[in-house]
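**Student:** Compact mmCIF, C-alpha atoms, file structure_8.txt:
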```
# COMPACT_ATOMS: atom_id res chain seq x y z
CA MET A 1 0.00 0.00 0.00
CA ARG A 2 2.80 2.43 0.91
CA ARG A 3 4.60 1.61 -2.29
CA ARG A 4 1.45 2.32 -4.30
CA LEU A 5 0.95 5.66 -2.54
CA ALA A 6 4.56 6.58 -3.16
CA ILE A 7 4.19 5.80 -6.87
CA LEU A 8 0.99 7.88 -7.08
CA GLY A 9 2.72 10.75 -5.30
CA LEU A 10 5.66 10.60 -7.71
CA VAL A 11 3.31 10.62 -10.71
CA ALA A 12 1.50 13.67 -9.30
CA VAL A 13 4.79 15.54 -8.82
CA LEU A 14 5.95 14.70 -12.36
CA ALA A 15 2.62 15.83 -13.77
CA ALA A 16 2.89 19.12 -11.89
CA LEU A 17 6.44 19.69 -13.11
CA ALA A 18 5.52 18.79 -16.68
CA GLY A 19 2.55 21.13 -16.64
CA CYS A 20 4.10 23.95 -14.68
CA GLY A 21 3.02 26.40 -17.37
CA SER A 22 -0.63 25.79 -16.49
CA ILE A 23 -0.65 24.29 -12.96
CA LEU A 24 2.07 26.31 -11.23
CA GLY A 25 1.66 29.43 -13.32
CA PRO A 26 1.79 30.77 -16.90
CA GLY A 27 5.54 31.37 -16.94
CA GLU A 28 7.32 34.55 -17.97
CA PRO A 29 7.03 36.15 -21.43
CA ASP A 30 9.65 35.07 -23.91
CA PRO A 31 12.20 37.91 -24.31
CA GLU A 32 12.49 37.07 -28.00
CA ASP A 33 8.73 37.61 -28.41
CA LEU A 34 8.82 40.88 -26.48
CA ASN A 35 11.60 42.22 -28.70
CA ARG A 36 10.09 40.97 -31.98
CA ASN A 37 9.94 43.55 -34.79
CA ALA A 38 6.71 45.51 -35.28
CA THR A 39 5.65 48.94 -36.52
CA TYR A 40 3.08 51.14 -34.80
CA ASP A 41 1.20 54.29 -35.67
CA TRP A 42 2.17 56.58 -32.80
CA SER A 43 0.41 59.60 -34.31
CA ASP A 44 -3.10 58.63 -33.18
CA GLU A 45 -4.13 61.08 -30.47
CA ALA A 46 -6.61 58.71 -28.77
CA ASP A 47 -5.72 57.41 -25.31
CA THR A 48 -6.15 53.90 -26.75
CA ALA A 49 -5.60 53.22 -30.45
CA ILE A 50 -6.15 49.65 -31.63
CA VAL A 51 -5.65 48.23 -35.12
CA VAL A 52 -7.45 44.91 -35.58
CA ASN A 53 -6.04 42.39 -38.05
CA ARG A 54 -7.14 38.88 -38.97
CA SER A 55 -5.30 36.96 -36.25
CA SER A 56 -3.86 39.71 -34.02
CA PHE A 57 -4.29 43.29 -32.94
CA LYS A 58 -1.90 46.16 -32.26
CA GLY A 59 -2.61 48.39 -29.29
CA VAL A 60 -1.03 51.74 -28.50
CA TYR A 61 -1.90 53.06 -25.01
CA ASN A 62 -1.34 56.35 -23.22
CA ALA A 63 1.05 55.59 -20.34
CA SER A 64 0.95 59.03 -18.69
CA ASN A 65 1.01 59.11 -14.90
CA ARG A 66 1.49 55.37 -14.56
CA SER A 67 4.33 52.94 -13.99
CA THR A 68 2.48 49.79 -15.07
CA LEU A 69 -0.27 48.70 -17.44
CA GLU A 70 -2.21 45.50 -16.73
CA ALA A 71 -3.33 43.59 -19.82
CA TYR A 72 -5.71 40.66 -19.69
CA ARG A 73 -8.51 38.88 -21.52
CA THR A 74 -11.70 37.05 -20.53
CA ASP A 75 -12.04 33.36 -21.38
CA GLU A 76 -15.17 31.42 -22.37
CA LEU A 77 -16.12 30.93 -18.71
CA GLY A 78 -15.89 34.63 -17.94
CA ARG A 79 -12.61 34.33 -16.02
CA ASP A 80 -9.80 36.85 -16.36
CA ARG A 81 -6.64 35.43 -17.93
CA HIS A 82 -3.30 37.02 -18.77
CA LEU A 83 -2.96 38.34 -22.32
CA PRO A 84 -0.02 36.92 -24.30
CA ILE A 85 1.84 39.88 -25.81
CA GLU A 86 4.81 40.40 -28.09
CA SER A 87 6.65 43.25 -29.84
CA LEU A 88 6.59 45.41 -26.70
CA ARG A 89 7.58 49.03 -27.33
CA TYR A 90 7.69 52.32 -25.45
CA ARG A 91 7.75 55.77 -27.05
CA PHE A 92 9.08 58.72 -25.12
CA PRO A 93 7.54 62.20 -25.61
CA ASN A 94 10.56 63.23 -27.69
CA GLY A 95 9.78 60.46 -30.21
CA THR A 96 12.41 57.92 -29.12
CA VAL A 97 11.09 54.34 -29.31
CA VAL A 98 12.77 51.61 -27.24
CA THR A 99 12.43 47.84 -26.82
CA PRO A 100 12.78 45.90 -23.55
CA ALA A 101 16.31 44.95 -24.62
CA GLU A 102 17.21 48.62 -25.04
CA HIS A 103 15.73 50.02 -21.82
CA ASP A 104 15.69 48.44 -18.38
CA GLY A 105 12.55 50.35 -17.42
CA LEU A 106 10.44 48.50 -20.03
CA SER A 107 9.55 44.92 -19.18
CA ALA A 108 6.64 42.50 -18.71
CA GLU A 109 5.72 39.76 -16.28
CA GLN A 110 2.82 37.32 -16.17
CA THR A 111 0.52 36.09 -13.46
CA ARG A 112 -2.33 33.69 -14.05
CA GLU A 113 -4.79 36.58 -14.50
CA ARG A 114 -2.66 39.51 -15.70
CA THR A 115 0.20 40.49 -17.94
CA ILE A 116 1.85 43.38 -16.10
CA VAL A 117 3.76 45.77 -18.34
CA HIS A 118 6.30 47.96 -16.54
CA VAL A 119 7.03 51.29 -18.24
CA PRO A 120 9.76 53.88 -17.54
CA ASN A 121 8.85 56.00 -14.55
CA GLY A 122 8.39 59.75 -14.81
CA SER A 123 7.74 59.78 -18.55
CA ASP A 124 4.43 60.66 -20.20
CA GLY A 125 4.90 58.32 -23.14
CA GLN A 126 3.04 55.56 -24.96
CA VAL A 127 3.30 51.80 -24.65
CA ALA A 128 2.43 49.38 -27.45
CA PHE A 129 2.23 45.63 -28.02
CA VAL A 130 0.76 42.96 -30.30
CA ALA A 131 -1.66 40.30 -29.01
CA PRO A 132 -3.53 37.40 -30.65
CA ARG A 133 -7.22 37.40 -31.62
CA HIS A 134 -9.59 35.52 -33.97
CA GLY A 135 -13.09 35.64 -35.45
CA LYS A 136 -15.30 38.51 -36.66
CA GLN A 137 -15.58 39.99 -33.20
CA PHE A 138 -13.11 42.05 -31.22
CA VAL A 139 -13.50 42.20 -27.45
CA THR A 140 -11.08 43.84 -25.04
CA PRO A 141 -11.20 45.10 -21.47
CA VAL A 142 -10.58 48.81 -21.07
CA PHE A 143 -6.95 49.09 -19.96
CA VAL A 144 -6.74 52.91 -20.09
CA GLU A 145 -9.70 55.24 -19.55
CA GLY A 146 -10.31 57.99 -22.09
CA SER A 147 -10.80 58.17 -25.84
CA HIS A 148 -10.66 54.95 -27.88
CA ASN A 149 -10.17 54.28 -31.60
CA VAL A 150 -10.62 50.76 -32.98
CA THR A 151 -9.63 50.32 -36.64
CA LEU A 152 -11.24 47.25 -38.19
CA PRO A 153 -9.64 44.87 -40.72
CA PRO A 154 -9.79 45.80 -44.43
CA ASN A 155 -13.35 45.78 -45.86
CA ALA A 156 -14.85 45.18 -42.39
CA ARG A 157 -17.87 47.28 -41.46
CA VAL A 158 -20.49 47.87 -38.77
CA GLY A 159 -23.93 49.39 -39.22
CA VAL A 160 -26.29 46.56 -40.22
CA PRO A 161 -28.01 45.41 -36.99
CA LEU A 162 -28.37 41.75 -37.95
CA LEU A 163 -24.72 41.47 -38.98
CA SER A 164 -22.93 43.74 -36.50
CA GLN A 165 -23.06 45.08 -32.97
CA VAL A 166 -21.03 47.70 -31.09
CA ASP A 167 -20.97 48.01 -27.32
CA PRO A 168 -21.01 50.47 -25.68
CA GLY A 169 -23.02 52.90 -27.79
CA GLY A 170 -22.27 56.57 -28.30
CA TYR A 171 -19.64 55.86 -30.94
CA GLU A 172 -18.80 57.34 -34.32
CA THR A 173 -17.44 55.69 -37.46
CA ASP A 174 -15.12 56.89 -40.18
CA VAL A 175 -13.92 55.12 -43.33
CA ASP A 176 -10.46 55.73 -44.76
CA GLY A 177 -9.82 53.60 -47.81
CA GLU A 178 -10.64 49.97 -47.04
CA ARG A 179 -10.68 50.40 -43.24
CA MET A 180 -13.36 51.65 -40.89
CA THR A 181 -12.52 53.15 -37.50
CA VAL A 182 -14.97 53.04 -34.59
CA SER A 183 -14.36 55.86 -32.08
CA TRP A 184 -15.47 56.80 -28.58
CA ASP A 185 -14.67 60.21 -27.09
CA GLU A 186 -14.68 58.76 -23.60
CA MET A 187 -14.50 55.17 -22.40
CA SER A 188 -14.66 54.26 -18.75
CA GLY A 189 -16.57 50.95 -18.78
CA GLU A 190 -15.19 47.50 -18.18
CA ARG A 191 -14.84 46.45 -21.81
CA LEU A 192 -15.69 47.22 -25.42
CA ARG A 193 -16.99 44.83 -28.07
CA VAL A 194 -17.20 45.23 -31.83
CA ARG A 195 -18.86 42.50 -33.91
CA TYR A 196 -18.38 43.31 -37.59
CA TYR A 197 -19.04 41.90 -41.05
CA LEU A 198 -17.10 41.97 -44.28
CA GLN A 199 -18.57 43.82 -47.24
CA ARG A 200 -18.90 40.57 -49.16
CA ASP A 201 -21.01 39.24 -46.29
CA LEU A 202 -23.46 42.09 -46.90
CA LEU A 203 -23.72 41.11 -50.58
CA ILE A 204 -24.34 37.48 -49.60
CA PHE A 205 -26.90 38.53 -47.01
CA GLY A 206 -28.67 40.74 -49.56
CA ALA A 207 -28.73 37.91 -52.11
CA VAL A 208 -30.19 35.54 -49.52
CA VAL A 209 -32.91 38.06 -48.62
CA VAL A 210 -33.79 38.65 -52.28
CA ALA A 211 -33.86 34.91 -52.94
CA ALA A 212 -36.13 34.36 -49.92
CA VAL A 213 -38.51 37.09 -51.13
CA VAL A 214 -38.59 35.68 -54.66
CA ILE A 215 -39.15 32.11 -53.47
CA GLY A 216 -41.80 33.21 -50.97
CA SER A 217 -43.62 35.31 -53.58
CA GLY A 218 -43.44 32.47 -56.08
CA GLY A 219 -44.86 30.01 -53.55
CA ALA A 220 -47.69 32.37 -52.61
CA LEU A 221 -48.55 32.92 -56.29
CA TYR A 222 -48.50 29.17 -56.94
CA TYR A 223 -50.94 28.43 -54.10
CA TYR A 224 -53.17 31.32 -55.13
CA ARG A 225 -53.43 29.90 -58.65
CA GLN A 226 -54.15 26.43 -57.29
CA ILE A 227 -57.00 27.80 -55.17
CA GLN A 228 -58.45 29.68 -58.12
CA ARG A 229 -58.24 26.54 -60.29
CA LEU A 230 -60.10 24.47 -57.69
CA LYS A 231 -62.83 27.13 -57.47
CA ARG A 232 -63.32 27.04 -61.25
CA ARG A 233 -63.57 23.25 -61.22
CA ARG A 234 -66.25 23.36 -58.53
CA GLU A 235 -68.22 25.92 -60.48
CA GLU A 236 -67.96 23.89 -63.68
CA SER A 237 -69.11 20.74 -61.84
CA GLY A 238 -72.15 22.55 -60.44
CA ILE A 239 -71.18 21.84 -56.86
CA ASP A 240 -70.28 25.37 -55.94
CA ILE A 241 -72.74 26.11 -53.14
CA ASP A 242 -73.20 29.48 -51.62
CA GLU A 243 -73.18 28.84 -47.88
CA ASP A 244 -75.15 32.02 -47.24
CA ASP A 245 -78.23 30.78 -49.16
CA ASP A 246 -81.19 29.37 -47.22
CA PRO A 247 -81.75 25.71 -48.24
CA ARG A 248 -85.55 26.39 -48.38
CA ASP A 249 -85.01 28.89 -51.19
CA ARG A 250 -83.39 26.30 -53.46
CA GLY A 251 -86.69 24.63 -54.48
CA PRO A 252 -87.58 20.91 -54.49
CA PRO A 253 -85.18 18.23 -55.59
CA PRO A 254 -84.95 17.54 -59.35
CA GLY A 255 -88.01 15.59 -60.68
CA MET A 256 -90.30 16.68 -57.86
CA GLY A 257 -91.09 20.22 -58.97
```
Could you render the structure as C-alpha cells?

**Tutor:**
Amino acid sequence: MRRRLAILGLVAVLAALAGCGSILGPGEPDPEDLNRNATYDWSDEADTAIVVNRSSFKGVYNASNRSTLEAYRTDELGRDRHLPIESLRYRFPNGTVVTPAEHDGLSAEQTRERTIVHVPNGSDGQVAFVAPRHGKQFVTPVFVEGSHNVTLPPNARVGVPLLSQVDPGGYETDVDGERMTVSWDEMSGERLRVRYYLQRDLLIFGAVVVAAVVIGSGGALYYYRQIQRLKRRREESGIDIDEDDDPRDRGPPPGMG
C-alpha cells in the first residue's frame, strides 16, 4: 500500500512539473517575443488606439502618470486570464522608441490573470504591443480610460443590426480607404466589443434576402393559382354552393317540382 501511494505521489509531482506552465503558473514572457519587430502608428491622439487584423491586434496606449499597465482577456467561462503579448515598445515624448532589450525600465511579467507591463517612470509616453485574436468579433477590457479608436480589418464594417453590434453605444465611425474606425470620445466601462461583417457578407446577405422574397412570392402565387383553379372546377361541376343561401329557397329536388 505504501509503495502504491509513493508511486501515485511521484506521478502527481511529475505531472505538476511537466505542466508547470498551467498548474504552477503561466511562466514569464519570452524575451524574443517581447523584442520581436513591429511597426506602430504613434500619431493617433486617442488614449487607446487599436488596429485589428485577422489573427492579431496592435494596441497603443497612453502611459501618462502610470508605472504599469495591466493587460488581460476574458475566457469562455468569464474568467480573467493574462494576455499573451509580443513586440513590446515604449515611445518617449521626444519620439524615441525603445524595446525591452534597449531600456531596463520597459519589461513584462505574467501572473495567471494579468500580464503586467512595466514602463519607464516619470515619462508621459506611450506603450504598445501585439496580441492574438480571432473571429469577426473584437473584445477587449478597457486598460486605459479615455478616448478609444478601434480600426477594423480591411473591408470590415459595422452598421447593419443583424450582422454587427457595437458596445457600448455613443460611438462614431469613419472610413479611410478599405478600413473603418470606430471611435469613442470617452471610455470608462469594463470592456468594449465590436462585432463586424465583411462587405462581401453584406452582398451574400442581400442575395439571400432577395432569394427568400422571390421564393416566398413564387410560392404564394402558386398556391393562389391552385386555389383559383379548384374554385373554377367546382363551379364547372355545379357543386359550388353558396353557404349564405337558405336551403328552403333552393326549391324541391330535381323531378319533384

**Student:** Counting only C-alpha atoms, which residues sit no farther than 10 Å from the position (-5.2, 56.2, -29.2) in the file's frame? I'd like them as number ranges by chain.

**Tutor:** A: 41-51, 59-62, 126, 144, 146-150, 183

**Student:** Measuring between only C-alpha atoms, which one of A:Ile116, A:Glu235, A:Tyr196, A:Ile85 shows the shortest distance to Val160 in chain A?

**Tutor:**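 Checking each of A:Ile116, A:Glu235, A:Tyr196, A:Ile85 against Val160 in chain A, counting only C-alpha atoms, the winner is A:Tyr196.
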
**Student:** Counting all atoms listed in the file, what is within 9 Å of range 74-82 of chain A, bar same-chain residues fewer than 2 positions away, as a PDB file with C-alpha atoms, in the frame of the given file?

**Tutor:**
```
ATOM      1  CA  PRO A  26       1.790  30.770 -16.900  1.00  0.00           C
ATOM      2  CA  GLU A  70      -2.210  45.500 -16.730  1.00  0.00           C
ATOM      3  CA  ALA A  71      -3.330  43.590 -19.820  1.00  0.00           C
ATOM      4  CA  TYR A  72      -5.710  40.660 -19.690  1.00  0.00           C
ATOM      5  CA  PRO A  84      -0.020  36.920 -24.300  1.00  0.00           C
ATOM      6  CA  GLN A 110       2.820  37.320 -16.170  1.00  0.00           C
ATOM      7  CA  THR A 111       0.520  36.090 -13.460  1.00  0.00           C
ATOM      8  CA  ARG A 112      -2.330  33.690 -14.050  1.00  0.00           C
ATOM      9  CA  GLU A 113      -4.790  36.580 -14.500  1.00  0.00           C
ATOM     10  CA  ARG A 114      -2.660  39.510 -15.700  1.00  0.00           C
ATOM     11  CA  THR A 115       0.200  40.490 -17.940  1.00  0.00           C
ATOM     12  CA  ILE A 116       1.850  43.380 -16.100  1.00  0.00           C
ATOM     13  CA  VAL A 139     -13.500  42.200 -27.450  1.00  0.00           C
ATOM     14  CA  THR A 140     -11.080  43.840 -25.040  1.00  0.00           C
ATOM     15  CA  PRO A 141     -11.200  45.100 -21.470  1.00  0.00           C
TER      16      PRO A 141
END
```

**Student:** Using only C-alpha atoms, find all polymer residues with an atom at most 8 Å away from the point (-18.4, 46.3, -25.1); report them as number ranges by chain.

**Tutor:** A: 139-140, 166-168, 190-194

**Student:** Calculate how many Å separate CA of Val158 in chain A from CA of Gly177 in chain A, rounding to one decimal.

**Tutor:**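 For CA of Val158 in chain A relative to CA of Gly177 in chain A, the distance reads 15.1 Å.
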
**Student:** Identify which of the residues A:Ala156, A:Gln199, A:Arg66, A:Glu145 lies closest to Trp184 in chain A, counting only C-alpha atoms when measuring atom-to-atom distances.

**Tutor:**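 Smallest separation from Trp184 in chain A among the options: A:Glu145.
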
**Student:** Just how far from CA of Gly159 in chain A is CA of Asp176 in chain A, in Å to one decimal?

**Tutor:**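 CA of Gly159 in chain A lies 15.9 Å from CA of Asp176 in chain A.
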
**Student:** Please determine, counting only C-alpha atoms, which residue among A:Ala131, A:Leu230, A:Leu34, A:Leu83 has the shortest atom-to-atom distance to Pro100 in chain A.

**Tutor:**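 Checking each candidate against Pro100 in chain A, we get A:Leu34 as the closest.
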
**Student:** Applying 9 Å and only C-alpha atoms, which residues near Ser87 in chain A remain after dropping the ones on its own chain fewer than 6 positions away? List them as a list of chain:residue names.

**Tutor:**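 Residues meeting the cut-off are A:Glu32, A:Asp33, A:Leu34, A:Asn35, A:Arg36, A:Asn37, A:Ala38, A:Thr39, A:Thr99, A:Ala128, A:Phe129, A:Val130, A:Ala131.
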
**Student:** If I take CA of Pro154 in chain A and CA of Val142 in chain A, how far is one from the other in Å, to one decimal?

**Tutor:**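 Interatomic distance here is 23.6 Å.
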